[in-house]
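Scroll down for the structure; my scribbles are underneath it.
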Amino acid sequence: VPRRTLAAAAALVLLVAVVAAVLLGRDDGGGPAPGAAAVPGAPAATERPAGFTRGPYLTRVTTTGARLRWRVGVPGPVSVEATAPDGRVHRARDGLLRGLAPDTRYRWRARTASGDTATGTLTTAPRRLTRPLRLVVFGDYGADTDDERAVGALGARLSPRLVLTTGDNSYLVALPGLLDRNIFRPLRGLLARAPNYGVVGDHDIVFPVGRRALVRAFDWPGGGERYVLRYGPLQIVALGLRADRADVGFLRRALAQPGPAARIVLVHQPPKAGNPVLPVLAAGPVAAVLSGHLHAYERREVAGAPGVPMLTVGTGGARANPGATPRSPDARVFVVRSGLAVLDVGPRRLRLRFVDVAGRVRDRASWPLAGAPAGP
Ligand SMILES: [Fe+2]
């Protein structure tokens, strides 16, 4: 069969799948989906507040500010109030909260012109890393599955500072009409508590219009490919779809920026032995490299970057194809089960747990924080 015919057939199959996904995505019923309470005691994370068709959700949190975004059914102003534990209230009309106190947990409330309200929390970054900061990590998630909802509910219960996602945010592809079904509804409760800093994966870049919608929705710099974001003393360095020779200079410059107490690298496809960025990662300091792509959890020790924790967390709820999820030769731990990685970062150590959707801890490890001051 000519290669061109095969390519045309593959494109047709993809198109049919996308049309089907878009049509299925039209079910705007809202409300908690079956399986949403898979985690005992989890909040009704997927319940959609009246008046809002998306979110509200956080896209940025810094030491003194935060950005909330949303979509409303009836166009009109939305006022946001954030209340500190001492009762001090900050107000914003554009969703940009400013002048917040560092390392403080705020309760926020958003109110539409017609009086519909939604609530959540946010925690500003500390100026220095004096106690551990909790992050949750998963990728390969945007698939409107019960497992994705369970991962979101588990993440929300863990009260993370940030959600780090490792690509493949929307299945089968990213398209503007699929993002609510695949991302914002299943993860509503989690994204109302912490912003998602992530990268694009293979499924997100099939259609430029879909990629643009995804990247804009989360305010990811650099097209979700190469960027650096800070959360106080944490530096998140994104390398996008895969790490290659073209990333070497960018990564070296990012890791040379002064200030961060801990640096975490995000890249969709797990870097393998021989990858040109490995010497840069090894020179670091890098606390961890987080990836997805494989629909499994792996903790690897990669030749070329010894001692750098390499975690594959493609466990966000997209269906795993057992035939297509082989264990990597350098994996120390391999788990095929939806779940998320919990990172407690610093000041001297990075502690890791992988927790599956049943709440079971399937892996546990800890490393001295690269670049942290030596001592007890
Ligand atoms: Fe994937």
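Labels used: A, B, ... for chains in the order of the structure tokens, numbers from 1 for residues in each chain, and numbers from 1 for ligands as shown.
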task: Give the helix (DSSP H, G or I) residues of segment 75-275 of chain A, as assigned by DSSP on the backbone, as a ChimeraX atom specification.
output: /A:146-157,176-184,188-191,202-204,208-217,221-224,245-256
Throw together the list of residues within 6 Å of ligand 1, counting only C-alpha atoms and all ligand atoms, and drop it here as an mmCIF file with N, CA and C atoms, in the first residue's frame.
```
data_model
loop_
_atom_site.group_PDB
_atom_site.id
_atom_site.type_symbol
_atom_site.label_atom_id
_atom_site.label_comp_id
_atom_site.auth_asym_id
_atom_site.auth_seq_id
_atom_site.Cartn_x
_atom_site.Cartn_y
_atom_site.Cartn_z
ATOM 1 N N ASP A 140 -0.789 13.267 30.910
ATOM 2 C CA ASP A 140 -1.611 12.322 30.154
ATOM 3 C C ASP A 140 -2.962 12.141 30.839
ATOM 4 N N ASP A 168 0.178 16.052 27.192
ATOM 5 C CA ASP A 168 -1.018 15.319 26.786
ATOM 6 C C ASP A 168 -2.175 15.728 27.693
ATOM 7 N N HIS A 293 3.984 10.945 28.907
ATOM 8 C CA HIS A 293 4.105 10.225 27.641
ATOM 9 C C HIS A 293 3.819 8.736 27.805
#
```
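A straight line drawn from atom CA of Arg245 of chain A to atom CA of Phe334 of chain A is 27.9 Å long.
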message: DSSP on the backbone: which residues in segment 75-295 of chain A end up as strand (DSSP E)? Give the answer as a PyMOL selection string.
response: chain A and resi 78-83+89-92+96-97+105-112+117-123+133-138+162-165+196-198+227-231+234-238+262-266+288-291
Write out, as a tab-separated table, each residue of segment 28-144 of chain A that has an atom at most 10 Å from segment 220-230 of chain A, together with the closest pair of atoms and their distance in Å to one decimal, counting only C-alpha atoms, rows going by chain and rising number.
```
residue	atom	partner	partner_atom	distance
A:Thr59	CA	A:Trp220	CA	8.3
A:Arg60	CA	A:Leu229	CA	9.4
A:Val61	CA	A:Arg230	CA	9.0
A:Thr62	CA	A:Arg230	CA	7.4
A:Thr63	CA	A:Arg230	CA	9.3
A:Ala125	CA	A:Arg230	CA	9.1
```
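Residue nearest Val136 of chain A, chosen from A:His90, A:Arg193, A:Arg327, A:Arg212 and counting only C-alpha atoms: A:Arg193.
You can rank A:Pro77, A:Pro195, A:Gly95, A:Gly167 by their closest distance to Leu58 of chain A using only C-alpha atoms, and at the top of that list sits A:Pro195.
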- line: re atom CA of Ala305 of chain A and atom CA of Val286 of chain A: distance 10.1 Å
message: Excluding Leu294 of chain A and its own-chain neighbours fewer than 2 positions away, which residues fall within 7 Å of it when counting only C-alpha atoms? Please give them as a VMD selection string.
response: chain A and resid 292 296 314 325
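Distances here use only C-alpha atoms; by that measure, the residue among A:Pro186, A:Gly115, A:Gly339, A:Pro85 closest to Gly55 of chain A is A:Pro186.
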field: Nearest residue to Gly323 of chain A from the set A:Asp86, A:Val336, A:Val357, A:Gly51 (distances using only C-alpha atoms)
entry: A:Val336
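Residues in contact range of segment 103-110 of chain A, defined as at most 7 Å between only C-alpha atoms, with sequence neighbours fewer than 4 positions away removed, read Thr63, Val78, Ser79, Val80, Glu81, Ala82, Thr83, Ala84, Pro85, Thr117, Ala118, Thr119, Gly120, Thr121, Leu122, Thr123, Thr124, Ala125 and Pro126 of chain A.
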field: Between atom CA of Val209 of chain A and atom CA of Leu179 of chain A, distance in Å (one decimal)
entry: 11.9 Å
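The nearest approach to Ala101 of chain A among the residues A:Ser328, A:Ala192, A:Gly201, A:Ala66, with only C-alpha atoms taken into account, belongs to A:Ala66.
Taking only C-alpha atoms, the non-local environment of Val265 of chain A within 8 Å (same-chain residues fewer than 3 positions away omitted) comprises Ile236, Val237, Ala238, Leu239, Val286, Ala288, Val289 and Leu290 of chain A.
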Write out the residues from the selection above, keeping C-alpha atoms, as a short mmCIF file (atom, residue, chain, number, x, y, z; two decimals), in the first residue's frame.
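New file part_32.cif:
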```cif
data_model
loop_
_atom_site.label_atom_id
_atom_site.label_comp_id
_atom_site.auth_asym_id
_atom_site.auth_seq_id
_atom_site.Cartn_x
_atom_site.Cartn_y
_atom_site.Cartn_z
CA ILE A 236 9.99 25.58 37.04
CA VAL A 237 11.88 25.09 33.77
CA ALA A 238 9.72 23.80 30.92
CA LEU A 239 11.24 22.16 27.85
CA VAL A 286 18.15 20.11 39.32
CA ALA A 288 13.84 16.53 39.65
CA VAL A 289 12.93 15.98 36.01
CA LEU A 290 9.21 15.33 35.47
#
```
